[in-house]
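Below is one structure, written out as structure tokens; the observations come after it.
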Amino acid sequence: MHEKLSDDETTALLASLNERCQKHWKIKNNALCKSFVFKSFTSAFRFMTAVAADAEKANHHPDWFNSFNKVEISLTTHEVGGITQRDFNLATGIEKRANKESS
């Protein structure tokens, strides 16, 4: 079982994650959240497909919304009612996928 991170742990990990991002992740409603904008619907869908495969391998699935070229992602560990290390691990992978898609 994963443990919910303390506020201090979450703040430190969020700062570390955001050091590598142009547009920052935020904490909203007990979840790690970010919006991504791509050049086209096809690029957004390709990104979502890659993230879905990564999430399935990690057995940790995002809540998300897609509208044309925009993808909004929310990560939380529902079993513990908050953010855990696994959310940050998936967010890091999502950043890598987003950087590949926008290259």
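Ordering of the structure tokens sets the chain letters (A, B, ...), residue numbers begin anew at 1 in every chain, and ligands are numbered from 1 in the order given.
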Problem set entry | Residues near Thr84 of chain A, cut-off 12 Å, only C-alpha atoms, skip fewer than 6 positions along chain, as an MDAnalysis selection string | chainID A and resid 1:7 9:11 13:14 30:32 60 75:78 90:91
Using only N, CA, C and O atoms, please write the residues we just selected to a file, as a compact mmCIF listing (two decimals), in the first residue's frame.
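The resulting file, again.txt, is shown below:
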# COMPACT_ATOMS: atom_id res chain seq x y z
N MET A 1 0.85 -1.19 0.00
CA MET A 1 0.00 0.00 0.00
C MET A 1 0.89 1.25 0.00
O MET A 1 1.91 1.28 0.64
N HIS A 2 0.44 2.23 -0.70
CA HIS A 2 1.17 3.48 -0.78
C HIS A 2 0.71 4.42 0.33
O HIS A 2 -0.44 4.41 0.72
N GLU A 3 1.64 5.24 0.80
CA GLU A 3 1.32 6.17 1.88
C GLU A 3 1.10 7.57 1.33
O GLU A 3 1.85 8.04 0.48
N LYS A 4 0.08 8.22 1.86
CA LYS A 4 -0.19 9.61 1.51
C LYS A 4 0.98 10.47 1.99
O LYS A 4 1.46 10.31 3.11
N LEU A 5 1.43 11.36 1.12
CA LEU A 5 2.54 12.25 1.47
C LEU A 5 2.06 13.38 2.38
O LEU A 5 0.92 13.85 2.27
N SER A 6 2.94 13.83 3.25
CA SER A 6 2.64 15.00 4.08
C SER A 6 2.65 16.24 3.20
O SER A 6 3.16 16.23 2.07
N ASP A 7 2.13 17.33 3.72
CA ASP A 7 2.15 18.59 2.97
C ASP A 7 3.58 19.01 2.65
O ASP A 7 3.86 19.48 1.53
N GLU A 9 6.25 17.06 2.33
CA GLU A 9 6.79 16.15 1.31
C GLU A 9 6.24 16.50 -0.07
O GLU A 9 6.97 16.53 -1.06
N THR A 10 4.94 16.75 -0.12
CA THR A 10 4.30 17.11 -1.39
C THR A 10 4.88 18.40 -1.95
O THR A 10 5.20 18.48 -3.14
N THR A 11 5.06 19.39 -1.10
CA THR A 11 5.62 20.67 -1.52
C THR A 11 7.03 20.50 -2.08
O THR A 11 7.37 21.06 -3.13
N LEU A 13 8.45 17.69 -3.32
CA LEU A 13 8.43 16.93 -4.57
C LEU A 13 7.85 17.75 -5.71
O LEU A 13 8.31 17.65 -6.85
N LEU A 14 6.86 18.58 -5.42
CA LEU A 14 6.28 19.45 -6.44
C LEU A 14 7.32 20.45 -6.95
O LEU A 14 7.45 20.66 -8.16
N ASN A 30 -6.73 18.01 -3.78
CA ASN A 30 -6.00 16.83 -3.30
C ASN A 30 -5.42 15.99 -4.44
O ASN A 30 -5.31 14.76 -4.32
N ALA A 31 -5.09 16.65 -5.54
CA ALA A 31 -4.54 15.95 -6.70
C ALA A 31 -3.45 16.79 -7.35
O ALA A 31 -3.43 18.02 -7.23
N LEU A 32 -2.57 16.13 -8.05
CA LEU A 32 -1.51 16.75 -8.83
C LEU A 32 -2.07 16.98 -10.22
O LEU A 32 -2.50 16.04 -10.89
N HIS A 60 -1.62 2.50 -12.35
CA HIS A 60 -1.98 3.77 -11.71
C HIS A 60 -2.53 4.69 -12.80
O HIS A 60 -1.79 5.11 -13.69
N LEU A 75 -3.81 13.63 -11.05
CA LEU A 75 -3.26 12.41 -10.45
C LEU A 75 -3.48 12.42 -8.95
O LEU A 75 -3.12 13.38 -8.27
N THR A 76 -4.04 11.35 -8.44
CA THR A 76 -4.20 11.15 -7.01
C THR A 76 -4.26 9.65 -6.77
O THR A 76 -4.61 8.89 -7.67
N THR A 77 -3.92 9.24 -5.58
CA THR A 77 -4.00 7.83 -5.22
C THR A 77 -5.28 7.66 -4.41
O THR A 77 -5.34 8.01 -3.23
N HIS A 78 -6.32 7.17 -5.08
CA HIS A 78 -7.65 7.11 -4.48
C HIS A 78 -7.70 6.28 -3.21
O HIS A 78 -8.43 6.63 -2.27
N LEU A 90 4.39 8.97 -11.89
CA LEU A 90 3.65 9.02 -13.14
C LEU A 90 3.75 10.41 -13.77
O LEU A 90 3.90 10.54 -14.99
N ALA A 91 3.69 11.45 -12.96
CA ALA A 91 3.82 12.82 -13.49
C ALA A 91 5.16 13.02 -14.20
O ALA A 91 5.23 13.66 -15.25
Residues at most 9 Å from Ser43 of chain A, counting only C-alpha atoms, excluding those fewer than 4 positions away in the same chain, as a PDB file with N, CA and C atoms, in the first residue's frame?
ATOM      1  N   PHE A  38      -1.294  20.821 -27.277  1.00  0.00           N
ATOM      2  CA  PHE A  38      -0.502  20.267 -28.374  1.00  0.00           C
ATOM      3  C   PHE A  38      -0.852  20.964 -29.685  1.00  0.00           C
ATOM      4  N   LYS A  39      -0.114  20.656 -30.730  1.00  0.00           N
ATOM      5  CA  LYS A  39      -0.303  21.307 -32.025  1.00  0.00           C
ATOM      6  C   LYS A  39      -1.617  20.897 -32.690  1.00  0.00           C
ATOM      7  N   PHE A  47      -0.271  11.452 -27.481  1.00  0.00           N
ATOM      8  CA  PHE A  47       0.229  11.636 -26.119  1.00  0.00           C
ATOM      9  C   PHE A  47      -0.611  10.821 -25.132  1.00  0.00           C
ATOM     10  N   MET A  48      -1.927  10.940 -25.228  1.00  0.00           N
ATOM     11  CA  MET A  48      -2.808  10.214 -24.314  1.00  0.00           C
ATOM     12  C   MET A  48      -2.635   8.699 -24.450  1.00  0.00           C
ATOM     13  N   ASN A  69      -7.040  19.848 -28.863  1.00  0.00           N
ATOM     14  CA  ASN A  69      -5.589  19.726 -28.674  1.00  0.00           C
ATOM     15  C   ASN A  69      -5.169  19.896 -27.211  1.00  0.00           C
ATOM     16  N   GLU A 101       6.335  14.521 -27.508  1.00  0.00           N
ATOM     17  CA  GLU A 101       5.243  14.855 -28.435  1.00  0.00           C
ATOM     18  C   GLU A 101       5.378  16.278 -28.963  1.00  0.00           C
ATOM     19  N   SER A 102       5.901  17.166 -28.156  1.00  0.00           N
ATOM     20  CA  SER A 102       6.022  18.562 -28.603  1.00  0.00           C
ATOM     21  C   SER A 102       7.322  18.827 -29.356  1.00  0.00           C
TER      22      SER A 102
END
For this session: as a PyMOL selection string, list the residues of chain A assigned to strand (DSSP E) by DSSP on the backbone atoms of this structure.
Result: chain A and resi 26-28+31-37+63-67+70-75
For this session: Give the helix (DSSP H, G or I) residues of segment 11-43 of chain A, as DSSP finds them on the backbone, and put them as a list in words.
Result: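 Residues meeting the helix (DSSP H, G or I) criterion: Thr11, Ala12, Leu13, Leu14, Ala15, Ser16, Leu17, Asn18, Phe41, Thr42 and Ser43 of chain A.
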Exercise. When you draw a straight line from atom CA of Arg20 of chain A to atom CA of Asp54 of chain A, how long is it in Å?
Worked result: 19.6 Å
For this session: To one decimal in Å, tell me the separation between atom CA of Asn18 of chain A and atom CA of Phe36 of chain A.
Result: 14.1 Å
Seminar exercise, completed: From the list A:Asp8, A:Ala98, A:Trp25, A:Asn59, the nearest residue to Ala44 of chain A using only C-alpha atoms is A:Ala98
Exercise. Residues at most 10 Å from Cys21 of chain A, counting only C-alpha atoms, excluding those fewer than 6 positions away in the same chain, as an MDAnalysis selection string?
Worked result: chainID A and resid 92 95:96 99
Can you write just those residues out, N, CA, C and O atoms, as a compact mmCIF listing (two decimals), in the first residue's frame?
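Wrote it out as selection_13.txt, contents follow:
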# COMPACT_ATOMS: atom_id res chain seq x y z
N THR A 92 6.22 12.44 -13.64
CA THR A 92 7.53 12.54 -14.27
C THR A 92 7.52 11.86 -15.64
O THR A 92 8.04 12.41 -16.62
N GLU A 95 5.59 14.01 -18.13
CA GLU A 95 6.41 15.11 -18.63
C GLU A 95 7.32 14.65 -19.77
O GLU A 95 7.46 15.34 -20.78
N LYS A 96 7.93 13.49 -19.60
CA LYS A 96 8.80 12.96 -20.66
C LYS A 96 8.01 12.73 -21.94
O LYS A 96 8.47 13.05 -23.03
N ASN A 99 7.15 16.08 -23.60
CA ASN A 99 8.31 16.67 -24.26
C ASN A 99 8.60 15.98 -25.58
O ASN A 99 8.97 16.63 -26.56
